[in-house]
Every structure is written in C-alpha cells, then in structure tokens.
$ cat protein.txt   # compact mmCIF, C-alpha atoms
# COMPACT_ATOMS: atom_id res chain seq x y z
CA VAL A 7 14.77 -34.81 -4.81
CA ASP A 8 16.81 -34.04 -1.68
CA GLY A 9 16.07 -30.36 -2.12
CA GLN A 10 12.32 -30.95 -2.35
CA ARG A 11 12.46 -33.28 0.66
CA GLY A 12 14.32 -30.65 2.65
CA VAL A 13 11.71 -27.99 1.91
CA ILE A 14 8.89 -30.36 2.83
CA ILE A 15 10.51 -31.40 6.11
CA ALA A 16 11.45 -27.83 7.03
CA GLY A 17 8.16 -26.29 6.02
CA ALA A 18 5.57 -28.91 6.96
CA ASP A 19 7.01 -31.23 9.59
CA ALA A 20 9.24 -28.97 11.71
CA ARG A 21 7.96 -27.87 15.12
CA THR A 22 11.13 -26.16 16.38
CA LEU A 23 13.94 -24.05 14.96
CA ASP A 24 16.37 -26.98 15.23
CA GLU A 25 14.01 -29.29 13.32
CA PHE A 26 13.55 -26.63 10.66
CA GLN A 27 17.32 -26.23 10.29
CA ALA A 28 17.71 -29.99 9.91
CA GLY A 29 15.28 -29.86 7.00
CA VAL A 30 17.09 -26.95 5.36
CA ALA A 31 20.34 -28.94 5.57
CA LEU A 32 18.85 -31.51 3.16
CA ILE A 33 18.52 -28.96 0.35
CA THR A 34 21.24 -29.56 -2.22
CA SER A 35 20.12 -27.50 -5.22
CA PRO A 36 19.26 -24.87 -6.25
CA GLY A 37 20.85 -22.32 -3.96
CA LEU A 38 18.08 -20.68 -1.92
CA ASN A 39 17.60 -18.06 0.77
CA ILE A 40 15.53 -19.65 3.53
CA SER A 41 14.06 -17.30 6.15
CA TYR A 42 12.50 -18.36 9.46
CA ALA A 43 10.42 -16.83 12.24
CA ASP A 44 8.28 -18.38 14.97
CA SER A 45 5.84 -17.47 17.73
CA GLU A 46 8.59 -17.67 20.37
CA GLY A 47 10.42 -14.70 18.82
CA ASN A 48 13.17 -16.63 17.02
CA ILE A 49 14.37 -15.43 13.64
CA ALA A 50 16.87 -17.14 11.36
CA TRP A 51 18.20 -17.29 7.82
CA TRP A 52 20.26 -19.82 5.90
CA ALA A 53 21.96 -19.90 2.53
CA ALA A 54 20.72 -23.35 1.56
CA GLY A 55 22.24 -25.70 -1.00
CA LYS A 56 25.68 -27.18 -1.54
CA ILE A 57 28.40 -24.55 -1.88
CA ALA A 58 31.41 -25.47 -4.00
CA VAL A 59 34.89 -25.06 -2.54
CA ARG A 60 37.34 -24.03 -5.24
CA PRO A 61 41.03 -23.05 -5.29
CA PRO A 62 41.57 -19.54 -3.91
CA HIS A 63 42.88 -18.14 -7.23
CA LEU A 64 39.56 -18.70 -9.00
CA ASP A 65 36.83 -16.18 -9.74
CA GLY A 66 33.53 -17.94 -10.29
CA LYS A 67 32.62 -15.58 -13.15
CA THR A 68 35.60 -16.54 -15.31
CA LEU A 69 36.14 -19.54 -17.57
CA LEU A 70 37.89 -22.46 -15.89
CA ASP A 71 40.87 -24.28 -17.38
CA GLY A 72 39.84 -27.91 -17.39
CA ALA A 73 43.09 -29.11 -18.94
CA SER A 74 45.51 -27.72 -16.38
CA GLY A 75 44.17 -29.56 -13.34
CA LYS A 76 44.57 -26.36 -11.31
CA ASP A 77 40.91 -25.32 -11.44
CA GLU A 78 39.34 -28.54 -10.16
CA LEU A 79 36.62 -28.57 -7.51
CA LEU A 80 38.11 -29.14 -4.04
CA GLY A 81 34.89 -30.32 -2.45
CA LEU A 82 31.57 -29.14 -1.03
CA LEU A 83 31.19 -26.99 2.07
CA PRO A 84 29.56 -28.70 5.08
CA PHE A 85 26.10 -27.22 5.69
CA GLU A 86 27.03 -25.88 9.12
CA GLN A 87 29.60 -23.62 7.42
CA ASN A 88 27.06 -22.15 4.98
CA PRO A 89 26.31 -18.46 5.62
CA HIS A 90 23.52 -18.19 8.20
CA LEU A 91 22.10 -16.03 10.98
CA ILE A 92 20.20 -17.19 14.06
CA ASN A 93 18.79 -14.55 16.41
CA PRO A 94 21.39 -11.86 15.58
CA ASP A 95 22.04 -9.29 18.31
CA TRP A 96 20.81 -6.39 16.14
CA GLY A 97 17.34 -7.93 16.00
CA TYR A 98 16.55 -8.23 12.30
CA ILE A 99 17.53 -10.12 9.16
CA VAL A 100 17.55 -8.58 5.69
CA THR A 101 17.76 -10.60 2.50
CA ALA A 102 17.05 -9.13 -0.94
CA ASN A 103 18.97 -11.42 -3.32
CA ASN A 104 22.09 -9.43 -2.44
CA MET A 105 25.49 -10.96 -1.68
CA SER A 106 24.84 -12.52 1.71
CA THR A 107 28.29 -12.13 3.27
CA PHE A 108 31.69 -10.59 2.60
CA LYS A 109 33.36 -12.91 5.09
CA PRO A 110 35.42 -15.85 3.77
CA VAL A 111 33.36 -18.94 2.99
CA GLY A 112 35.20 -22.21 2.48
CA GLY A 113 38.56 -20.44 2.55
CA GLY A 114 37.73 -17.68 0.09
CA LYS A 115 35.18 -15.19 -1.18
CA LEU A 116 31.66 -16.56 -1.56
CA GLN A 117 31.20 -17.27 -5.26
CA GLY A 118 27.92 -16.70 -7.04
CA TYR A 119 25.65 -14.30 -8.88
CA TRP A 120 23.95 -11.60 -6.85
CA GLN A 121 21.61 -8.70 -7.29
CA PRO A 122 22.97 -5.26 -6.33
CA GLY A 123 22.84 -4.34 -2.65
CA ASP A 124 20.63 -1.24 -3.04
CA ARG A 125 17.42 -2.74 -1.67
CA ALA A 126 19.11 -4.49 1.24
CA ALA A 127 20.93 -1.28 2.20
CA ARG A 128 17.74 0.77 2.10
CA ILE A 129 15.82 -1.83 4.15
CA GLU A 130 18.56 -1.78 6.79
CA GLN A 131 18.35 2.02 6.88
CA ILE A 132 14.58 1.89 7.37
CA LEU A 133 14.90 -0.65 10.20
CA ASP A 134 17.76 1.20 11.91
CA GLU A 135 15.89 4.51 11.88
CA HIS A 136 12.72 3.02 13.37
CA THR A 137 13.08 2.56 17.14
CA ALA A 138 9.43 2.23 18.26
CA PRO A 139 7.41 -0.98 17.96
CA TRP A 140 6.19 -1.48 14.42
CA THR A 141 2.53 -1.13 13.44
CA PRO A 142 1.00 -2.92 10.44
CA GLU A 143 0.56 0.46 8.74
CA GLU A 144 4.26 1.27 9.15
CA MET A 145 5.29 -2.12 7.81
CA THR A 146 3.00 -1.61 4.83
CA ALA A 147 4.71 1.71 4.15
CA ALA A 148 8.11 -0.01 4.41
CA GLN A 149 7.10 -2.55 1.75
CA PHE A 150 6.09 0.29 -0.55
CA ASP A 151 9.23 2.35 0.10
CA ASP A 152 10.21 4.08 -3.14
CA VAL A 153 13.53 5.76 -2.32
CA ALA A 154 16.22 5.34 -4.98
CA TRP A 155 19.15 4.35 -2.75
CA ALA A 156 21.83 4.80 -5.42
CA ALA A 157 20.59 8.21 -6.55
CA GLY A 158 22.55 10.09 -3.88
CA PRO A 159 26.10 9.17 -4.97
CA ILE A 160 25.12 9.15 -8.66
CA LEU A 161 23.75 12.68 -8.55
CA GLU A 162 26.66 13.92 -6.46
CA THR A 163 28.72 13.13 -9.55
CA VAL A 164 26.26 14.06 -12.30
CA LEU A 165 24.81 17.38 -11.11
CA PRO A 166 28.20 19.18 -11.01
CA ILE A 167 28.89 17.95 -14.55
CA LEU A 168 25.56 19.36 -15.72
CA GLU A 169 26.25 22.60 -13.87
CA THR A 170 29.69 23.01 -15.44
CA GLY A 171 28.30 22.18 -18.89
CA ASN A 172 25.17 24.30 -18.42
CA ALA A 173 26.01 26.54 -21.38
CA GLN A 174 26.10 23.49 -23.66
CA LEU A 175 22.62 22.36 -22.63
CA SER A 176 19.42 23.34 -24.39
CA PRO A 177 16.84 25.38 -22.41
CA LEU A 178 14.73 22.23 -22.08
CA ALA A 179 17.66 20.24 -20.66
CA ARG A 180 18.42 23.05 -18.20
CA ASP A 181 14.85 22.87 -16.88
CA ALA A 182 15.17 19.10 -16.66
CA ARG A 183 18.39 19.50 -14.66
CA GLU A 184 16.49 21.70 -12.20
CA ALA A 185 13.84 19.00 -11.78
CA LEU A 186 16.62 16.51 -11.05
CA ALA A 187 18.46 18.84 -8.64
CA THR A 188 15.32 19.42 -6.52
CA TRP A 189 14.22 15.78 -6.55
CA ASP A 190 13.64 14.15 -3.13
CA ARG A 191 14.85 10.68 -4.34
CA HIS A 192 11.34 9.21 -4.06
CA CYS A 193 10.05 7.35 -7.12
CA ALA A 194 6.41 8.34 -6.67
CA VAL A 195 4.02 8.38 -9.62
CA ASP A 196 3.79 12.20 -9.53
CA SER A 197 7.58 12.78 -9.43
CA ALA A 198 9.26 14.67 -12.27
CA GLY A 199 12.74 14.03 -10.85
CA ALA A 200 12.23 10.27 -10.80
CA ALA A 201 11.35 10.32 -14.50
CA VAL A 202 14.45 12.36 -15.38
CA TYR A 203 16.70 10.16 -13.23
CA ALA A 204 15.51 6.82 -14.63
CA VAL A 205 15.64 7.89 -18.27
CA PHE A 206 19.03 9.57 -17.78
CA CYS A 207 20.49 6.36 -16.32
CA GLN A 208 19.09 4.45 -19.30
CA LYS A 209 20.48 6.86 -21.89
CA THR A 210 23.88 7.11 -20.21
CA LEU A 211 24.30 3.34 -19.91
CA ARG A 212 23.38 2.99 -23.57
CA ASP A 213 25.88 5.66 -24.69
CA LEU A 214 28.52 4.12 -22.44
CA LEU A 215 28.28 0.55 -23.77
CA LEU A 216 26.40 0.32 -27.07
CA ASP A 217 29.45 1.11 -29.21
CA ASP A 218 31.43 -1.57 -27.38
CA ILE A 219 29.05 -4.54 -27.15
CA GLY A 220 26.34 -3.82 -29.72
CA GLU A 221 22.55 -3.90 -29.53
CA ARG A 222 22.30 -7.66 -28.94
CA GLY A 223 24.96 -7.57 -26.25
CA MET A 224 23.24 -4.62 -24.55
CA TYR A 225 19.87 -6.38 -24.59
CA MET A 226 21.33 -9.37 -22.77
CA TYR A 227 23.57 -7.39 -20.42
CA VAL A 228 20.84 -5.16 -18.97
CA THR A 229 18.93 -8.26 -17.84
CA LEU A 230 21.79 -9.02 -15.42
CA GLY A 231 22.06 -7.39 -12.02
CA ASP A 232 25.76 -6.81 -12.71
CA HIS A 233 24.98 -4.04 -15.18
CA TRP A 234 23.70 -1.77 -12.40
CA THR A 235 26.71 -2.49 -10.19
CA PHE A 236 28.96 -1.59 -13.14
CA PHE A 237 27.02 1.59 -13.92
CA LYS A 238 27.27 2.85 -10.33
CA TYR A 239 31.03 2.32 -10.49
CA ALA A 240 31.59 3.76 -13.96
CA ILE A 241 29.62 6.97 -13.41
CA GLN A 242 32.01 7.90 -10.59
CA HIS A 243 35.19 6.89 -12.43
CA PRO A 244 36.03 9.01 -15.49
CA GLU A 245 39.10 6.87 -16.20
CA VAL A 246 36.96 3.88 -17.27
CA PRO A 247 38.03 3.43 -20.93
CA LEU A 248 34.55 2.49 -22.12
CA TRP A 249 33.44 6.13 -21.89
CA ASP A 250 35.09 6.75 -25.27
CA ASP A 251 32.72 6.34 -28.22
CA VAL A 252 34.73 4.14 -30.58
CA THR A 253 32.48 5.06 -33.54
CA THR A 254 33.95 8.58 -33.65
CA PRO A 255 37.53 9.69 -34.47
CA SER A 256 37.79 11.74 -31.27
CA VAL A 257 38.17 10.42 -27.72
CA GLU A 258 35.11 11.26 -25.64
CA THR A 259 35.26 11.84 -21.90
CA ARG A 260 32.78 10.80 -19.26
CA ASP A 261 31.54 14.37 -18.92
CA GLN A 262 30.87 14.64 -22.65
CA ILE A 263 28.88 11.40 -22.63
CA VAL A 264 26.89 12.55 -19.59
CA LEU A 265 25.96 15.85 -21.27
CA ARG A 266 25.02 14.06 -24.49
CA ALA A 267 22.90 11.51 -22.64
CA PHE A 268 21.14 14.23 -20.67
CA GLU A 269 20.08 16.00 -23.87
CA LYS A 270 18.69 12.69 -25.12
CA THR A 271 16.87 12.30 -21.81
CA ALA A 272 15.18 15.68 -22.12
CA SER A 273 14.18 15.00 -25.73
CA ALA A 274 12.71 11.59 -24.91
CA LEU A 275 10.64 12.95 -22.03
CA GLU A 276 9.49 15.94 -24.09
CA ALA A 277 8.25 13.60 -26.83
CA LYS A 278 6.25 11.65 -24.27
CA MET A 279 4.97 14.38 -21.90
CA GLY A 280 5.51 17.80 -23.44
CA SER A 281 8.02 20.60 -23.08
CA THR A 282 7.44 21.54 -19.42
CA PRO A 283 9.67 19.37 -17.18
CA GLY A 284 7.79 20.49 -14.07
CA ARG A 285 4.76 18.65 -15.41
CA TRP A 286 6.55 15.42 -16.22
CA ARG A 287 5.40 12.45 -14.11
CA TRP A 288 7.12 9.15 -13.37
CA GLY A 289 3.76 7.36 -13.43
CA GLN A 290 3.21 8.41 -17.04
CA VAL A 291 6.32 6.62 -18.23
CA HIS A 292 6.42 3.79 -15.66
CA THR A 293 3.26 1.71 -15.97
CA ILE A 294 2.06 -1.73 -14.98
CA ASP A 295 -0.39 -3.95 -16.86
CA PHE A 296 -1.26 -7.35 -15.37
CA ARG A 297 -1.29 -9.58 -18.44
CA HIS A 298 -3.38 -12.74 -18.64
CA PRO A 299 -1.97 -15.50 -20.90
CA PHE A 300 -4.92 -14.76 -23.22
CA GLY A 301 -4.23 -11.04 -22.90
CA TYR A 302 -1.87 -11.07 -25.88
CA LEU A 303 -4.64 -12.16 -28.26
CA PRO A 304 -5.94 -9.47 -30.62
CA LEU A 305 -9.43 -8.02 -30.01
CA VAL A 306 -10.24 -10.08 -26.89
CA GLY A 307 -6.98 -9.62 -24.96
CA ASP A 308 -7.97 -6.44 -23.13
CA TYR A 309 -10.90 -8.19 -21.47
CA PHE A 310 -8.48 -10.45 -19.59
CA ASN A 311 -5.81 -7.90 -18.70
CA VAL A 312 -5.94 -5.72 -15.59
CA GLY A 313 -4.51 -2.26 -16.12
CA PRO A 314 -2.50 -0.40 -17.17
CA PHE A 315 -1.88 1.71 -14.06
CA PRO A 316 0.73 4.38 -13.22
CA CYS A 317 3.34 2.55 -11.15
CA PRO A 318 5.60 3.83 -8.34
CA GLY A 319 8.90 2.23 -7.37
CA GLY A 320 11.33 0.97 -9.97
CA MET A 321 14.63 -0.82 -10.54
CA GLU A 322 16.63 -1.77 -7.41
CA ILE A 323 14.12 -0.09 -5.11
CA VAL A 324 12.38 -1.74 -2.14
CA ASN A 325 9.12 -1.46 -4.08
CA ASN A 326 10.86 -3.39 -6.83
CA MET A 327 9.05 -2.88 -10.13
CA LEU A 328 11.33 -4.03 -12.94
CA TYR A 329 11.37 -2.84 -16.53
CA HIS A 330 13.70 -3.53 -19.41
CA GLU A 331 16.11 -0.63 -19.55
CA LEU A 332 16.56 -0.64 -23.32
CA ASP A 333 12.85 -0.18 -24.02
CA GLU A 334 11.63 3.12 -25.35
CA LEU A 335 9.15 5.03 -23.21
CA PRO A 336 6.96 4.11 -21.52
CA PHE A 337 8.84 1.67 -19.27
CA GLU A 338 6.32 -1.15 -18.82
CA VAL A 339 6.80 -3.20 -15.67
CA VAL A 340 7.84 -6.75 -16.57
CA ALA A 341 8.19 -8.15 -13.04
CA GLY A 342 7.23 -7.22 -9.50
CA PRO A 343 6.04 -8.78 -6.24
CA SER A 344 3.95 -11.90 -6.83
CA THR A 345 2.35 -11.38 -3.41
CA ARG A 346 2.76 -9.11 -0.39
CA ARG A 347 2.52 -10.40 3.18
CA LEU A 348 2.74 -9.00 6.68
CA ILE A 349 2.78 -11.79 9.26
CA ASP A 350 2.51 -11.29 13.00
CA PHE A 351 3.94 -14.56 14.32
CA GLY A 352 2.65 -13.74 17.79
CA ALA A 353 -0.89 -13.24 16.50
CA PRO A 354 -1.21 -14.80 13.03
CA GLU A 355 -4.87 -13.82 12.82
CA HIS A 356 -3.72 -10.21 12.41
CA SER A 357 -1.63 -11.01 9.33
CA LEU A 358 -2.31 -9.38 5.97
CA THR A 359 -1.81 -10.66 2.42
CA VAL A 360 -2.65 -9.37 -1.01
CA LEU A 361 -2.32 -10.76 -4.53
CA PRO A 362 -1.57 -8.41 -7.43
CA THR A 363 -5.06 -8.61 -8.95
CA GLY A 364 -7.38 -10.91 -6.97
CA ASN A 365 -7.98 -14.39 -5.60
CA SER A 366 -9.97 -15.65 -8.59
CA GLY A 367 -8.72 -16.51 -12.05
CA ILE A 368 -12.29 -16.55 -13.41
CA LEU A 369 -12.96 -13.45 -15.50
CA SER A 370 -16.60 -13.17 -14.39
CA SER A 371 -15.79 -13.40 -10.68
CA PRO A 372 -15.98 -10.20 -8.56
CA HIS A 373 -12.63 -11.31 -7.09
CA TYR A 374 -10.83 -11.41 -10.48
CA ARG A 375 -9.43 -7.86 -10.11
CA ASP A 376 -10.69 -6.52 -6.77
CA GLN A 377 -7.19 -6.39 -5.21
CA ALA A 378 -5.52 -4.63 -8.14
CA ALA A 379 -5.70 -1.18 -6.52
$ encode --input "protein.txt" --output "structure tokens"
Amino acid sequence: VDGQRGVIIAGADARTLDEFQAGVALITSPGLNISYADSEGNIAWWAAGKIAVRPPHLDGKTLLDGASGKDELLGLLPFEQNPHLINPDWGYIVTANNMSTFKPVGGGKLQGYWQPGDRAARIEQILDEHTAPWTPEEMTAAQFDDVAWAAGPILETVLPILETGNAQLSPLARDAREALATWDRHCAVDSAGAAVYAVFCQKTLRDLLLDDIGERGMYMYVTLGDHWTFFKYAIQHPEVPLWDDVTTPSVETRDQIVLRAFEKTASALEAKMGSTPGRWRWGQVHTIDFRHPFGYLPLVGDYFNVGPFPCPGGMEIVNNMLYHELDELPFEVVAGPSTRRLIDFGAPEHSLTVLPTGNSGILSSPHYRDQAA
C-alpha cells in the first residue's frame, strides 16, 4: 500500500522535484528504478524501495544460516542513503536494469539481482560520442541501436581459436568464420555475421553447461541475466573447469569446445538458410510475432496475431528483443519494448510515442495493427 501511495503522490500530485522525491521515499516494495525529468531541465533517478542492511560477510545470492544468528538482518537503509542521482555533472542518467552502483551501500556491496551491463554501457557510449544537440530523429536511431556491445571482447577471443583450428573446420564452417570476422557488430535483419554470432553463443553455452546441469537446469538458467555475465567471463578464461565435457573419458579444453560449437553453428544455419553463409540473414532466424491471447487457438488464431516479421536487435542490445536461447531456430522474440517514447519536456507537444501494434484492441479497427511497422 505504501508503495502504491508513493507512486501516486510522486506521479500525480508532485509539482516540484522535491515533492516528487518525497513521494518516491514512500515506496517500500518492490525495488524500482524511478526516473525523473521536468520542464526546468532537472533530471533525477532513485533506487526506490527499502534496502536491507546485512552483515558484511554475506552474499545475497547464497543461502543464509538462520540457526547461527550471524546472518540476521541488521536493519533497513534510510531512503536518503539509497543510490540516486540528481542533476549529475555529466548531464545524463542511464538505467537499463543494470547494477546501479559499485559504491558501498549500507556498509557493503549493493545486494540484488541485476541484468548485465551491456545495454547501459552502449547507451553511455552513444551519449558520450554525441556532442551536438539531439534531434528527434537521432534519438529514434538511438532507441533502435543494434550494436552487440559484448561481441568485441568475445570475438577477440574466439576468432584466433577458429583461425588456429582452421584445418579442423569444415569448408562450410570456414566460410561462416569469414562472415563472423567481417561482421560490423550490428544486429540488422540483413546481417550474416549477427546470425553466426548469436547461434554460436547459444551452441557454446549449451556445450559448456549441458553436461553439468542438465536440460532442465539449462532451461531455467538461461532465463536469468546471470547466464550472460557468466558466459562473457568463461569464454575468456580457459581455466574454467566447466569446459570439460564430463560425458566423455577425455578432458576437453575451451578451444575444443569452441571449435565443436562452431561446427554445430554452421550446420544449424545451413539447415535453416542453405549452404552459402554470405546469404544468411539474422532476420530469417530472429523473428517477432505479436500474439493475441486468442492467437494460440487453432484455425482462427492467425486472424488475431500480427506478424511474423524479421526482427533486428537481440539479447542484451539497446534494441532489446529477447528470445529463449535454448530454442531451435528460428529464435522467436518472447519479449521486447511494450512502448517507445521520446518526450521533449520543454515542448511536450513535440513528443512521440508508439505501441507495438496499434491503439485499438478491436480486430476490425483500422488502428488494430497500423503501428506494427
């Protein structure tokens, strides 16, 4: 109730930044990112909700020992000590469900569950590189940015492995490696490199972990943001013991698993799009279909659905179009932006908004799907 009251006061009753902050302070649960901007040029952000203060030896992702008395809650952090930013000197605020601060909070590391920092890092790069005043067209392009932020360090590790093991690769896999080596890191619908990269990451993660945690464990694990953080670490660290395939009598190395996964990547893409990697397209294996609740019904379902369409973007990309990484091709988007907005707080009449399909939920309406494109 307090949380709802805080949102109402902050969102509906506040007329100044201070009044808005007072409303945010009433939010107790759940933990939320609250962003603020006004017509006077103020910007702000708060981590809202009550933050637990625990003994410094604890990691919030481990089981607590309730019998020892050593793991008990020490209290709740006062709201004014919650992570926040008000008119920072650098002129912008980025929040993308990433860990909001590395500074001590309540005497220790901020505990919680975060999405990887890829999107936040890429957004900061876009903002830092743009020095002129922004136009609506440029901001639109920023929302649709499709650069795979993590691809740089991943491929710095992977491409030399594929080069060294070139003789072990099939001719198809060698052509696929060339598509990956010349890729510009953009996940556009017509990109061959994006298709190779995404499927390779999927196949490698599967070969890395399936023998250790099983199919059911994999299915649950890849729904967590932690799996991508782990993958980015493991691919650069050959000493990680999980690289060994425990189902075989030999001890596999990281490089062996990478080569094996890359052959599987080439085979999977060949089965879907033919034997010419230069003609492979990310939009053919990454698609979006806006499903109506009735859209799952046989025979009549397709009348309610909007799509499918080739889809740019992808996992942990600013244009964040999520798919389940254990699915076979194509990767169907299971979640994405519920709305897009560009708001000029100095001239709100110039603001833009779009819904994924249209403003009407009535199938016969001309506005049922007129915003899908």
$ closest_residue --input "protein.txt" --among "A:Lys278, A:Arg285, A:Arg183, A:Lys109" --to "A:Asp196" --atoms "all atoms listed in the file"
A:Arg285
$ residues_around --input "protein.txt" --residues "A:Thr271" --least-positions-apart "5" --cutoff "7 Å" --atoms "only C-alpha atoms" --output "ChimeraX atom specification"
/A:202,205-206,209
$ write_last_selection --input "protein.txt" --atoms "C-alpha atoms" --output "PDB file, in the frame of the given file"
ATOM      1  CA  VAL A 202      14.450  12.360 -15.380  1.00  0.00           C
ATOM      2  CA  VAL A 205      15.640   7.890 -18.270  1.00  0.00           C
ATOM      3  CA  PHE A 206      19.030   9.570 -17.780  1.00  0.00           C
ATOM      4  CA  LYS A 209      20.480   6.860 -21.890  1.00  0.00           C
TER       5      LYS A 209
END
$ residues_near_point --input "protein.txt" --point "(26.1, 23.0, -17.4)" --cutoff "12 Å" --atoms "only C-alpha atoms" --output "PyMOL selection string"
chain A and resi 164-177+179-184+261-262+264-266+268-269
$ closest_atom_pairs --input "protein.txt" --of "stretch 35-141 of chain A" --to "stretch 151-162 of chain A" --cutoff "9 Å" --atoms "only C-alpha atoms" --output "JSON lines"
{"residue": "A:Asp124", "atom": "CA", "partner": "A:Trp155", "partner_atom": "CA", "distance": 5.8}
{"residue": "A:Arg125", "atom": "CA", "partner": "A:Trp155", "partner_atom": "CA", "distance": 7.4}
{"residue": "A:Ala127", "atom": "CA", "partner": "A:Trp155", "partner_atom": "CA", "distance": 7.7}
{"residue": "A:Arg128", "atom": "CA", "partner": "A:Trp155", "partner_atom": "CA", "distance": 6.2}
{"residue": "A:Ile129", "atom": "CA", "partner": "A:Asp151", "partner_atom": "CA", "distance": 8.8}
$ residues_around --input "protein.txt" --residues "A:Gln149" --least-positions-apart "6" --cutoff "10 Å" --atoms "all atoms listed in the file" --output "list of chain:residue names"
A:Ile129, A:Val324, A:Asn325, A:Asn326, A:Arg346, A:Arg347, A:Leu348
$ closest_residue --input "protein.txt" --among "A:Ile33, A:Leu64, A:Ala28, A:Leu79" --to "A:Gln117" --atoms "only C-alpha atoms"
A:Leu64
$ atom_distance --input "protein.txt" --atom1 "atom CA of A:Ala73" --atom2 "atom CA of A:Asp232"
28.9 Å
$ atom_distance --input "protein.txt" --atom1 "atom CA of A:Lys56" --atom2 "atom CA of A:Asn103"
17.2 Å
$ atom_distance --input "protein.txt" --atom1 "atom CA of A:Thr345" --atom2 "atom CA of A:Asp295"
15.6 Å
$ closest_residue --input "protein.txt" --among "A:Leu80, A:Ile263, A:Leu133, A:Leu361" --to "A:Ile241" --atoms "all atoms listed in the file"
A:Ile263
$ closest_atom_pairs --input "protein.txt" --of "stretch 182-215 of chain A" --to "stretch 248-256 of chain A" --cutoff "8 Å" --atoms "only C-alpha atoms" --output "CSV"
residue,atom,partner,partner_atom,distance
A:Asp213,CA,A:Asp251,CA,7.7
A:Leu214,CA,A:Trp249,CA,5.3
A:Leu215,CA,A:Leu248,CA,6.8
$ closest_residue --input "protein.txt" --among "A:Ile40, A:Ile323, A:Val257, A:Ala147" --to "A:Cys193" --atoms "all atoms listed in the file"
A:Ile323
$ residues_around --input "protein.txt" --residues "A:Val228" --least-positions-apart "3" --cutoff "8 Å" --atoms "only C-alpha atoms" --output "count of residues only"
8
$ residues_around --input "protein.txt" --residues "A:Pro94" --least-positions-apart "2" --cutoff "12 Å" --atoms "all atoms listed in the file" --output "number ranges by chain"
A: 47-51, 90-92, 96-100
$ write_last_selection --input "protein.txt" --atoms "C-alpha atoms" --output "PDB file, in the coordinates of the input"
ATOM      1  CA  GLY A  47      10.420 -14.700  18.820  1.00  0.00           C
ATOM      2  CA  ASN A  48      13.170 -16.630  17.020  1.00  0.00           C
ATOM      3  CA  ILE A  49      14.370 -15.430  13.640  1.00  0.00           C
ATOM      4  CA  ALA A  50      16.870 -17.140  11.360  1.00  0.00           C
ATOM      5  CA  TRP A  51      18.200 -17.290   7.820  1.00  0.00           C
ATOM      6  CA  HIS A  90      23.520 -18.190   8.200  1.00  0.00           C
ATOM      7  CA  LEU A  91      22.100 -16.030  10.980  1.00  0.00           C
ATOM      8  CA  ILE A  92      20.200 -17.190  14.060  1.00  0.00           C
ATOM      9  CA  TRP A  96      20.810  -6.390  16.140  1.00  0.00           C
ATOM     10  CA  GLY A  97      17.340  -7.930  16.000  1.00  0.00           C
ATOM     11  CA  TYR A  98      16.550  -8.230  12.300  1.00  0.00           C
ATOM     12  CA  ILE A  99      17.530 -10.120   9.160  1.00  0.00           C
ATOM     13  CA  VAL A 100      17.550  -8.580   5.690  1.00  0.00           C
TER      14      VAL A 100
END
$ residues_around --input "protein.txt" --residues "A:Gly81" --least-positions-apart "5" --cutoff "9 Å" --atoms "all atoms listed in the file" --output "compact mmCIF listing (two decimals) with C-alpha atoms, in the frame of the given file"
# COMPACT_ATOMS: atom_id res chain seq x y z
CA ILE A 57 28.40 -24.55 -1.88
CA ALA A 58 31.41 -25.47 -4.00
CA VAL A 59 34.89 -25.06 -2.54
CA ARG A 60 37.34 -24.03 -5.24
$ closest_residue --input "protein.txt" --among "A:Leu230, A:Leu211, A:Leu216, A:Val195" --to "A:Gln290" --atoms "all atoms listed in the file"
A:Val195
$ closest_residue --input "protein.txt" --among "A:Phe296, A:Trp140, A:Phe150, A:Phe237" --to "A:Gly364" --atoms "all atoms listed in the file"
A:Phe296
$ residues_near_point --input "protein.txt" --point "(25.4, -22.5, -9.0)" --cutoff "12 Å" --atoms "all atoms listed in the file" --output "compact mmCIF listing (two decimals) with C-alpha atoms, in the coordinates of the input"
# COMPACT_ATOMS: atom_id res chain seq x y z
CA THR A 34 21.24 -29.56 -2.22
CA SER A 35 20.12 -27.50 -5.22
CA PRO A 36 19.26 -24.87 -6.25
CA GLY A 37 20.85 -22.32 -3.96
CA LEU A 38 18.08 -20.68 -1.92
CA ALA A 54 20.72 -23.35 1.56
CA GLY A 55 22.24 -25.70 -1.00
CA LYS A 56 25.68 -27.18 -1.54
CA ILE A 57 28.40 -24.55 -1.88
CA ALA A 58 31.41 -25.47 -4.00
CA VAL A 59 34.89 -25.06 -2.54
CA GLY A 66 33.53 -17.94 -10.29
CA LYS A 67 32.62 -15.58 -13.15
CA LEU A 116 31.66 -16.56 -1.56
CA GLN A 117 31.20 -17.27 -5.26
CA GLY A 118 27.92 -16.70 -7.04
CA TYR A 119 25.65 -14.30 -8.88
CA TRP A 120 23.95 -11.60 -6.85
